[in-house]
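What follows is the content of data16.pdb, which has PDB, C-alpha atoms, pLDDT in the B column:
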ATOM      1  CA  MET A   1    -158.586  75.309 -19.451  1.00 45.00           C
ATOM      2  CA  ASP A   2    -161.973  74.242 -18.078  1.00 53.00           C
ATOM      3  CA  ASP A   3    -162.719  71.965 -21.034  1.00 52.00           C
ATOM      4  CA  GLN A   4    -159.800  69.731 -20.044  1.00 57.00           C
ATOM      5  CA  PHE A   5    -161.869  68.484 -17.117  1.00 61.00           C
ATOM      6  CA  SER A   6    -164.805  66.073 -17.106  1.00 71.00           C
ATOM      7  CA  MET A   7    -168.242  67.158 -15.934  1.00 70.00           C
ATOM      8  CA  GLU A   8    -167.738  65.180 -12.719  1.00 74.00           C
ATOM      9  CA  GLU A   9    -164.408  66.851 -12.027  1.00 81.00           C
ATOM     10  CA  LEU A  10    -165.895  70.317 -12.529  1.00 85.00           C
ATOM     11  CA  LEU A  11    -168.755  69.676 -10.103  1.00 92.00           C
ATOM     12  CA  GLY A  12    -166.780  67.679  -7.549  1.00 89.00           C
ATOM     13  CA  ASP A  13    -169.199  66.464  -4.880  1.00 91.00           C
ATOM     14  CA  ILE A  14    -171.974  68.886  -5.897  1.00 96.00           C
ATOM     15  CA  GLN A  15    -175.078  66.939  -6.949  1.00 96.00           C
ATOM     16  CA  ILE A  16    -177.566  68.439  -9.407  1.00 96.00           C
ATOM     17  CA  LEU A  17    -181.089  67.566  -8.241  1.00 97.00           C
ATOM     18  CA  TYR A  18    -183.185  69.498 -10.775  1.00 97.00           C
ATOM     19  CA  GLU A  19    -182.770  71.725 -13.801  1.00 97.00           C
ATOM     20  CA  GLN A  20    -185.589  73.181 -15.861  1.00 96.00           C
ATOM     21  CA  GLY A  21    -184.986  76.296 -17.910  1.00 95.00           C
ATOM     22  CA  PRO A  22    -183.259  78.947 -15.771  1.00 96.00           C
ATOM     23  CA  CYS A  23    -183.969  77.132 -12.479  1.00 97.00           C
ATOM     24  CA  LEU A  24    -181.147  74.976 -11.104  1.00 98.00           C
ATOM     25  CA  ILE A  25    -181.331  73.101  -7.786  1.00 98.00           C
ATOM     26  CA  ILE A  26    -178.393  71.281  -6.211  1.00 98.00           C
ATOM     27  CA  ASN A  27    -177.335  69.341  -3.132  1.00 98.00           C
ATOM     28  CA  LYS A  28    -174.449  71.324  -1.591  1.00 97.00           C
ATOM     29  CA  PRO A  29    -171.578  69.428   0.065  1.00 94.00           C
ATOM     30  CA  GLY A  30    -170.210  70.493   3.435  1.00 92.00           C
ATOM     31  CA  GLY A  31    -167.001  72.478   3.854  1.00 91.00           C
ATOM     32  CA  LEU A  32    -167.570  74.456   0.639  1.00 93.00           C
ATOM     33  CA  LEU A  33    -168.404  78.150   0.488  1.00 95.00           C
ATOM     34  CA  THR A  34    -171.512  79.204  -1.424  1.00 96.00           C
ATOM     35  CA  GLN A  35    -169.708  82.233  -2.867  1.00 94.00           C
ATOM     36  CA  ALA A  36    -166.097  83.424  -2.667  1.00 93.00           C
ATOM     37  CA  PRO A  37    -163.515  85.573  -4.458  1.00 92.00           C
ATOM     38  CA  PRO A  38    -162.405  84.086  -7.831  1.00 87.00           C
ATOM     39  CA  HIS A  39    -159.265  82.428  -6.426  1.00 88.00           C
ATOM     40  CA  ILE A  40    -161.163  80.493  -3.719  1.00 92.00           C
ATOM     41  CA  ASP A  41    -163.170  77.317  -4.379  1.00 94.00           C
ATOM     42  CA  SER A  42    -166.944  77.752  -4.064  1.00 96.00           C
ATOM     43  CA  VAL A  43    -170.270  76.346  -5.233  1.00 96.00           C
ATOM     44  CA  GLU A  44    -170.765  79.366  -7.482  1.00 96.00           C
ATOM     45  CA  MET A  45    -167.372  78.952  -9.158  1.00 95.00           C
ATOM     46  CA  ARG A  46    -167.837  75.227  -9.795  1.00 96.00           C
ATOM     47  CA  LEU A  47    -171.316  75.677 -11.262  1.00 96.00           C
ATOM     48  CA  LYS A  48    -170.194  78.478 -13.567  1.00 95.00           C
ATOM     49  CA  LYS A  49    -167.324  76.371 -14.891  1.00 94.00           C
ATOM     50  CA  PHE A  50    -169.625  73.387 -15.327  1.00 95.00           C
ATOM     51  CA  ILE A  51    -172.234  75.394 -17.268  1.00 95.00           C
ATOM     52  CA  ARG A  52    -169.578  77.086 -19.404  1.00 94.00           C
ATOM     53  CA  VAL A  53    -168.183  73.732 -20.515  1.00 93.00           C
ATOM     54  CA  ARG A  54    -171.451  71.817 -20.812  1.00 93.00           C
ATOM     55  CA  ASP A  55    -173.250  74.526 -22.768  1.00 92.00           C
ATOM     56  CA  GLU A  56    -170.131  75.598 -24.683  1.00 91.00           C
ATOM     57  CA  LYS A  57    -170.562  79.239 -23.658  1.00 88.00           C
ATOM     58  CA  PRO A  58    -167.807  81.496 -25.018  1.00 86.00           C
ATOM     59  CA  GLY A  59    -168.376  84.386 -22.602  1.00 86.00           C
ATOM     60  CA  ARG A  60    -169.338  84.934 -18.984  1.00 90.00           C
ATOM     61  CA  VAL A  61    -171.896  82.671 -17.360  1.00 94.00           C
ATOM     62  CA  TYR A  62    -174.766  84.347 -15.486  1.00 95.00           C
ATOM     63  CA  LEU A  63    -175.560  82.600 -12.210  1.00 97.00           C
ATOM     64  CA  ALA A  64    -177.612  84.290  -9.493  1.00 96.00           C
ATOM     65  CA  VAL A  65    -177.479  83.159  -5.864  1.00 96.00           C
ATOM     66  CA  PRO A  66    -180.871  83.953  -4.240  1.00 94.00           C
ATOM     67  CA  HIS A  67    -179.880  82.438  -0.873  1.00 94.00           C
ATOM     68  CA  ARG A  68    -176.866  80.889   0.833  1.00 93.00           C
ATOM     69  CA  LEU A  69    -175.920  78.010   3.077  1.00 95.00           C
ATOM     70  CA  ASP A  70    -173.096  78.330   5.602  1.00 94.00           C
ATOM     71  CA  ARG A  71    -169.841  76.637   4.667  1.00 94.00           C
ATOM     72  CA  PRO A  72    -170.224  73.674   7.101  1.00 94.00           C
ATOM     73  CA  VAL A  73    -173.871  73.072   6.107  1.00 96.00           C
ATOM     74  CA  THR A  74    -175.083  70.639   3.442  1.00 96.00           C
ATOM     75  CA  GLY A  75    -178.235  70.352   1.402  1.00 97.00           C
ATOM     76  CA  VAL A  76    -180.608  71.748  -1.167  1.00 98.00           C
ATOM     77  CA  MET A  77    -180.034  75.155  -2.793  1.00 98.00           C
ATOM     78  CA  VAL A  78    -181.566  76.947  -5.782  1.00 98.00           C
ATOM     79  CA  PHE A  79    -179.805  79.091  -8.395  1.00 98.00           C
ATOM     80  CA  ALA A  80    -181.078  81.163 -11.325  1.00 97.00           C
ATOM     81  CA  LEU A  81    -179.549  81.232 -14.799  1.00 96.00           C
ATOM     82  CA  HIS A  82    -180.907  84.563 -15.992  1.00 95.00           C
ATOM     83  CA  GLN A  83    -181.895  87.904 -14.457  1.00 96.00           C
ATOM     84  CA  ARG A  84    -185.663  87.670 -14.734  1.00 96.00           C
ATOM     85  CA  ALA A  85    -185.703  84.269 -13.046  1.00 96.00           C
ATOM     86  CA  ALA A  86    -183.312  85.561 -10.372  1.00 97.00           C
ATOM     87  CA  LYS A  87    -185.601  88.458  -9.518  1.00 97.00           C
ATOM     88  CA  ARG A  88    -188.668  86.227  -9.258  1.00 97.00           C
ATOM     89  CA  ILE A  89    -186.940  83.660  -7.059  1.00 97.00           C
ATOM     90  CA  SER A  90    -185.435  86.372  -4.844  1.00 96.00           C
ATOM     91  CA  ASN A  91    -188.885  87.910  -4.408  1.00 96.00           C
ATOM     92  CA  GLN A  92    -190.204  84.576  -3.150  1.00 96.00           C
ATOM     93  CA  PHE A  93    -187.495  84.471  -0.494  1.00 93.00           C
ATOM     94  CA  GLN A  94    -188.086  88.093   0.515  1.00 91.00           C
ATOM     95  CA  GLN A  95    -191.854  87.562   0.786  1.00 92.00           C
ATOM     96  CA  ARG A  96    -191.378  84.292   2.713  1.00 89.00           C
ATOM     97  CA  GLN A  97    -193.169  82.238   0.073  1.00 93.00           C
ATOM     98  CA  VAL A  98    -190.469  79.553  -0.007  1.00 93.00           C
ATOM     99  CA  GLU A  99    -190.864  76.393   2.067  1.00 93.00           C
ATOM    100  CA  LYS A 100    -187.567  75.334   3.664  1.00 93.00           C
ATOM    101  CA  GLU A 101    -187.036  72.362   5.946  1.00 96.00           C
ATOM    102  CA  TYR A 102    -183.747  71.656   7.705  1.00 97.00           C
ATOM    103  CA  TRP A 103    -182.602  68.593   9.593  1.00 97.00           C
ATOM    104  CA  ALA A 104    -180.371  69.158  12.612  1.00 96.00           C
ATOM    105  CA  CYS A 105    -178.812  66.796  15.123  1.00 95.00           C
ATOM    106  CA  VAL A 106    -178.194  68.646  18.380  1.00 96.00           C
ATOM    107  CA  GLU A 107    -176.486  67.812  21.643  1.00 96.00           C
ATOM    108  CA  GLY A 108    -178.909  67.292  24.534  1.00 96.00           C
ATOM    109  CA  GLU A 109    -182.522  66.147  24.644  1.00 95.00           C
ATOM    110  CA  VAL A 110    -185.123  68.663  23.523  1.00 96.00           C
ATOM    111  CA  LEU A 111    -188.093  67.745  25.718  1.00 94.00           C
ATOM    112  CA  GLU A 112    -190.986  69.481  23.972  1.00 96.00           C
ATOM    113  CA  GLU A 113    -192.111  67.474  20.945  1.00 97.00           C
ATOM    114  CA  GLN A 114    -192.528  70.625  18.895  1.00 97.00           C
ATOM    115  CA  GLY A 115    -192.413  74.352  19.383  1.00 98.00           C
ATOM    116  CA  THR A 116    -191.455  77.804  18.173  1.00 98.00           C
ATOM    117  CA  TRP A 117    -188.295  79.670  19.115  1.00 98.00           C
ATOM    118  CA  LEU A 118    -188.417  83.457  18.975  1.00 97.00           C
ATOM    119  CA  ASP A 119    -185.315  85.565  19.569  1.00 97.00           C
ATOM    120  CA  THR A 120    -183.778  88.912  18.744  1.00 97.00           C
ATOM    121  CA  MET A 121    -180.348  88.522  17.194  1.00 96.00           C
ATOM    122  CA  ARG A 122    -177.721  90.290  15.161  1.00 96.00           C
ATOM    123  CA  LYS A 123    -174.561  89.508  13.237  1.00 95.00           C
ATOM    124  CA  VAL A 124    -171.573  90.565  15.338  1.00 94.00           C
ATOM    125  CA  PRO A 125    -169.817  93.423  13.497  1.00 93.00           C
ATOM    126  CA  GLY A 126    -166.495  92.346  12.018  1.00 92.00           C
ATOM    127  CA  GLU A 127    -166.873  88.713  13.113  1.00 93.00           C
ATOM    128  CA  ALA A 128    -168.150  85.552  11.453  1.00 90.00           C
ATOM    129  CA  ARG A 129    -170.781  84.838  14.088  1.00 93.00           C
ATOM    130  CA  SER A 130    -174.119  86.055  15.404  1.00 96.00           C
ATOM    131  CA  GLU A 131    -175.434  86.657  18.910  1.00 96.00           C
ATOM    132  CA  ILE A 132    -178.677  87.012  20.850  1.00 96.00           C
ATOM    133  CA  CYS A 133    -179.239  90.668  21.738  1.00 95.00           C
ATOM    134  CA  ALA A 134    -181.776  93.156  23.053  1.00 95.00           C
ATOM    135  CA  ASP A 135    -184.374  94.636  20.709  1.00 94.00           C
ATOM    136  CA  SER A 136    -182.776  98.051  21.107  1.00 94.00           C
ATOM    137  CA  VAL A 137    -179.334  97.001  19.817  1.00 93.00           C
ATOM    138  CA  GLU A 138    -178.315  98.357  16.428  1.00 91.00           C
ATOM    139  CA  GLN A 139    -178.941  95.886  13.583  1.00 92.00           C
ATOM    140  CA  ALA A 140    -181.112  93.713  15.854  1.00 95.00           C
ATOM    141  CA  LYS A 141    -183.562  91.505  13.944  1.00 96.00           C
ATOM    142  CA  GLN A 142    -186.292  89.099  14.947  1.00 96.00           C
ATOM    143  CA  ALA A 143    -185.553  85.408  14.395  1.00 96.00           C
ATOM    144  CA  VAL A 144    -188.323  82.805  14.308  1.00 96.00           C
ATOM    145  CA  LEU A 145    -188.099  79.066  13.704  1.00 96.00           C
ATOM    146  CA  HIS A 146    -190.447  76.130  14.225  1.00 97.00           C
ATOM    147  CA  TYR A 147    -189.123  72.721  15.217  1.00 98.00           C
ATOM    148  CA  ARG A 148    -190.348  69.153  15.596  1.00 98.00           C
ATOM    149  CA  VAL A 149    -188.428  66.387  17.375  1.00 97.00           C
ATOM    150  CA  MET A 150    -188.031  63.363  15.109  1.00 95.00           C
ATOM    151  CA  LYS A 151    -185.970  61.237  17.465  1.00 93.00           C
ATOM    152  CA  ARG A 152    -183.991  61.270  20.726  1.00 93.00           C
ATOM    153  CA  GLU A 153    -181.101  58.930  21.324  1.00 89.00           C
ATOM    154  CA  ALA A 154    -177.829  58.769  23.233  1.00 87.00           C
ATOM    155  CA  GLY A 155    -178.115  62.286  24.609  1.00 92.00           C
ATOM    156  CA  LYS A 156    -178.891  63.831  21.229  1.00 93.00           C
ATOM    157  CA  SER A 157    -182.019  65.077  19.483  1.00 95.00           C
ATOM    158  CA  TRP A 158    -182.853  64.980  15.793  1.00 94.00           C
ATOM    159  CA  LEU A 159    -184.923  67.981  14.760  1.00 97.00           C
ATOM    160  CA  SER A 160    -186.923  68.977  11.719  1.00 97.00           C
ATOM    161  CA  ILE A 161    -186.783  72.779  11.476  1.00 98.00           C
ATOM    162  CA  GLU A 162    -188.730  75.252   9.381  1.00 96.00           C
ATOM    163  CA  LEU A 163    -187.452  78.803   9.228  1.00 91.00           C
ATOM    164  CA  GLU A 164    -189.878  81.675   9.290  1.00 90.00           C
ATOM    165  CA  THR A 165    -187.000  84.154   9.022  1.00 90.00           C
ATOM    166  CA  GLY A 166    -183.570  83.674   7.477  1.00 88.00           C
ATOM    167  CA  ARG A 167    -180.882  85.345   9.589  1.00 93.00           C
ATOM    168  CA  THR A 168    -177.139  84.732   9.524  1.00 93.00           C
ATOM    169  CA  HIS A 169    -176.386  81.534  11.495  1.00 96.00           C
ATOM    170  CA  GLN A 170    -179.981  81.600  12.781  1.00 97.00           C
ATOM    171  CA  ILE A 171    -180.519  77.882  13.377  1.00 97.00           C
ATOM    172  CA  ARG A 172    -177.023  77.447  14.777  1.00 97.00           C
ATOM    173  CA  LEU A 173    -177.419  80.343  17.220  1.00 98.00           C
ATOM    174  CA  GLN A 174    -180.977  79.564  18.322  1.00 98.00           C
ATOM    175  CA  CYS A 175    -180.073  75.942  19.045  1.00 98.00           C
ATOM    176  CA  GLY A 176    -176.768  76.753  20.744  1.00 97.00           C
ATOM    177  CA  SER A 177    -178.156  79.543  22.924  1.00 97.00           C
ATOM    178  CA  ARG A 178    -180.668  77.090  24.414  1.00 97.00           C
ATOM    179  CA  GLY A 179    -178.006  74.553  25.317  1.00 97.00           C
ATOM    180  CA  PHE A 180    -178.640  72.396  22.241  1.00 98.00           C
ATOM    181  CA  PRO A 181    -175.682  73.155  19.947  1.00 98.00           C
ATOM    182  CA  ILE A 182    -175.623  71.388  16.606  1.00 97.00           C
ATOM    183  CA  VAL A 183    -173.236  68.434  16.633  1.00 95.00           C
ATOM    184  CA  GLY A 184    -169.841  69.596  15.377  1.00 93.00           C
ATOM    185  CA  ASP A 185    -170.656  73.304  15.687  1.00 95.00           C
ATOM    186  CA  THR A 186    -167.946  74.376  18.129  1.00 93.00           C
ATOM    187  CA  LEU A 187    -168.580  78.036  17.284  1.00 93.00           C
ATOM    188  CA  TYR A 188    -171.881  77.814  19.154  1.00 96.00           C
ATOM    189  CA  GLY A 189    -170.866  75.469  21.954  1.00 96.00           C
ATOM    190  CA  ALA A 190    -170.746  71.905  20.590  1.00 95.00           C
ATOM    191  CA  GLN A 191    -168.551  69.473  22.494  1.00 93.00           C
ATOM    192  CA  THR A 192    -168.676  66.649  19.938  1.00 88.00           C
ATOM    193  CA  THR A 193    -167.107  66.451  16.498  1.00 86.00           C
ATOM    194  CA  PHE A 194    -168.870  65.524  13.284  1.00 86.00           C
ATOM    195  CA  GLY A 195    -167.486  63.811  10.195  1.00 73.00           C
ATOM    196  CA  SER A 196    -163.849  63.944   9.128  1.00 66.00           C
ATOM    197  CA  HIS A 197    -161.554  66.023  11.292  1.00 60.00           C
ATOM    198  CA  HIS A 198    -159.722  68.724   9.348  1.00 60.00           C
ATOM    199  CA  GLU A 199    -156.911  70.818  10.778  1.00 61.00           C
ATOM    200  CA  ASP A 200    -158.457  73.722   8.882  1.00 63.00           C
ATOM    201  CA  GLU A 201    -161.558  74.576  10.925  1.00 64.00           C
ATOM    202  CA  ARG A 202    -163.176  76.119   7.853  1.00 63.00           C
ATOM    203  CA  ARG A 203    -163.444  72.699   6.203  1.00 66.00           C
ATOM    204  CA  ARG A 204    -165.187  71.030   9.136  1.00 78.00           C
ATOM    205  CA  CYS A 205    -168.843  70.138   8.761  1.00 90.00           C
ATOM    206  CA  ILE A 206    -171.736  70.247  11.208  1.00 95.00           C
ATOM    207  CA  ALA A 207    -174.894  68.145  11.511  1.00 96.00           C
ATOM    208  CA  LEU A 208    -177.157  70.689   9.821  1.00 97.00           C
ATOM    209  CA  HIS A 209    -178.718  69.788   6.479  1.00 97.00           C
ATOM    210  CA  SER A 210    -181.043  71.740   4.206  1.00 97.00           C
ATOM    211  CA  ARG A 211    -183.407  68.831   3.642  1.00 97.00           C
ATOM    212  CA  ARG A 212    -186.265  70.190   1.520  1.00 97.00           C
ATOM    213  CA  LEU A 213    -186.964  73.252  -0.613  1.00 97.00           C
ATOM    214  CA  LYS A 214    -190.219  74.175  -2.335  1.00 97.00           C
ATOM    215  CA  ILE A 215    -190.534  77.175  -4.645  1.00 97.00           C
ATOM    216  CA  ARG A 216    -192.689  78.299  -7.534  1.00 97.00           C
ATOM    217  CA  HIS A 217    -190.787  77.875 -10.784  1.00 97.00           C
ATOM    218  CA  PRO A 218    -189.861  81.389 -11.943  1.00 95.00           C
ATOM    219  CA  MET A 219    -190.983  80.918 -15.553  1.00 96.00           C
ATOM    220  CA  ILE A 220    -193.745  78.294 -15.582  1.00 94.00           C
ATOM    221  CA  ASP A 221    -196.868  77.947 -13.458  1.00 90.00           C
ATOM    222  CA  GLU A 222    -195.894  75.056 -11.232  1.00 95.00           C
ATOM    223  CA  TYR A 223    -194.285  74.401  -7.880  1.00 97.00           C
ATOM    224  CA  VAL A 224    -190.948  72.639  -7.622  1.00 97.00           C
ATOM    225  CA  GLN A 225    -190.015  70.646  -4.541  1.00 98.00           C
ATOM    226  CA  GLN A 226    -186.678  68.916  -4.078  1.00 98.00           C
ATOM    227  CA  VAL A 227    -185.382  66.783  -1.226  1.00 97.00           C
ATOM    228  CA  ALA A 228    -181.627  66.425  -0.690  1.00 96.00           C
ATOM    229  CA  PRO A 229    -180.267  63.104   0.612  1.00 94.00           C
ATOM    230  CA  VAL A 230    -178.132  63.475   3.725  1.00 92.00           C
ATOM    231  CA  PRO A 231    -174.389  62.888   3.265  1.00 89.00           C
ATOM    232  CA  ALA A 232    -172.717  59.670   4.364  1.00 87.00           C
ATOM    233  CA  THR A 233    -171.267  61.476   7.395  1.00 85.00           C
ATOM    234  CA  TRP A 234    -174.684  61.330   9.074  1.00 86.00           C
ATOM    235  CA  GLU A 235    -174.835  57.553   8.948  1.00 82.00           C
ATOM    236  CA  GLU A 236    -171.173  57.288   9.959  1.00 79.00           C
ATOM    237  CA  ALA A 237    -171.973  59.421  13.013  1.00 76.00           C
ATOM    238  CA  GLY A 238    -174.951  57.220  13.880  1.00 75.00           C
ATOM    239  CA  ILE A 239    -177.470  59.928  12.990  1.00 75.00           C
ATOM    240  CA  PHE A 240    -180.913  59.310  11.545  1.00 64.00           C
ATOM    241  CA  VAL A 241    -180.699  58.571   7.819  1.00 61.00           C
ATOM    242  CA  ASP A 242    -183.472  58.303   5.177  1.00 55.00           C
TER
END

Any chance you could give the structure as structure tokens?
Amino acid sequence: MDDQFSMEELLGDIQILYEQGPCLIINKPGGLLTQAPPHIDSVEMRLKKFIRVRDEKPGRVYLAVPHRLDRPVTGVMVFALHQRAAKRISNQFQQRQVEKEYWACVEGEVLEEQGTWLDTMRKVPGEARSEICADSVEQAKQAVLHYRVMKREAGKSWLSIELETGRTHQIRLQCGSRGFPIVGDTLYGAQTTFGSHHEDERRRCIALHSRRLKIRHPMIDEYVQQVAPVPATWEEAGIFVD
């Protein structure tokens, strides 16, 4: 039974950054799926169990997932605890009213101090990856991100990235396709590893972190901004740390 576990055991390495009413913001660990079938560990499953025990809920726990982070990615995420809040938060994402900043450490030196990358991309049918494609290809979508170089060192660049669009694997693909794959992201061309090496590729992390998220609270008239500390793996890898 869930109530046999402590709060810390239920959450594992998930860190709660903010909770006010139906708005819950966390710092997601790497190597953990955002959502998954019931028999597979995920952020959603852990949070539901945690809320069920903490709030002593006898029935099902409602938890909406307005956006996702890839399994190997860490950082700030927002969840909604009832339907009205979920709809309002989802609308902010759809209307691009949410401010999102990512930190990425990439292989190679990005020479321009700042810039905008514009591509046409699509998710490859039947595969867990995306690709750059022509505008005419079925399911093609525009992908736009803005970057700023924070630091260059030892053949790597540390980028601050703001997404204008939110496509599957967008940052990973746009960096990798330009010869600047994210450290540890072998799917998009990285040659260097990142963090602990796991035989199971699905548990490996990459140097991409959802650093900051700013939204309007779904039920009260105020903005909420949360910053997620980077995991220890960044410092261990010699990457810029707060």

Selection: 8 Å around A:Cys133, all atoms listed in the file, excl. self and same-chain fewer than 3 positions, as a PyMOL selection string: chain A and resi 120-122+137+140

Would you write out those residues with C-alpha atoms, as a tab-separated table (two decimals), in the coordinates of the input?
chain	number	residue	atom	x	y	z
A	120	THR	CA	-183.78	88.91	18.74
A	121	MET	CA	-180.35	88.52	17.19
A	122	ARG	CA	-177.72	90.29	15.16
A	137	VAL	CA	-179.33	97.00	19.82
A	140	ALA	CA	-181.11	93.71	15.85

Resolved residues for the PyMOL selection byres ((chain A and resi 65) around 12) as a PyMOL selection string: chain A and resi 23-26+34-36+42-45+47-48+62-64+66-69+77-83+85-87+89-90+93

Expected selection from the PyMOL selection byres ((chain A and resi 209-217) around 7), given as a ChimeraX atom specification: /A:73-76,98-104,207-208,218-228,230

The PyMOL selection byres ((chain A and resi 107) around 8) applied to the shown file, residues as a list in words: Cys105, Val106, Gly108, Glu109, Gly155, Lys156, Ser157, Gly179, Phe180, Pro181, Ile182, Val183 and Ala190 of chain A

Best match for closeness to A:Lys123 among A:His146, A:Arg167, A:Arg152, A:Arg84, counting all atoms listed in the file: A:Arg167

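Reported to one decimal place, the separation of atom CA of A:Gly166 from atom CA of A:Glu131 is 14.3 Å.
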
Counting all atoms listed in the file, the residue of A:Arg172, A:Arg46, A:Arg54, A:Arg88 that sits nearest A:Pro72: A:Arg172

Distance in Å - atom CA of A:Glu153 versus atom CA of A:Ala237: 12.4 Å

Atomic distance atom CA of A:Leu10 - atom CA of A:Pro229, expressed in Å with one decimal: 20.8 Å

Would you compute an axis-aligned box for stretch 105-122 of chain A, covering every atom listed for it in the file with 4 Å of margin on each side, and report centre and edge lengths in Å to one decimal as AutoDock Vina command-line options?
--center_x -184.5 --center_y 78.2 --center_z 20.4 --size_x 24.0 --size_y 32.1 --size_z 18.6

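Residue nearest A:Thr233 within the list A:Gly30, A:Glu113, A:Leu173, A:Lys141: A:Gly30 [criterion: smallest interatomic distance, all atoms listed in the file].
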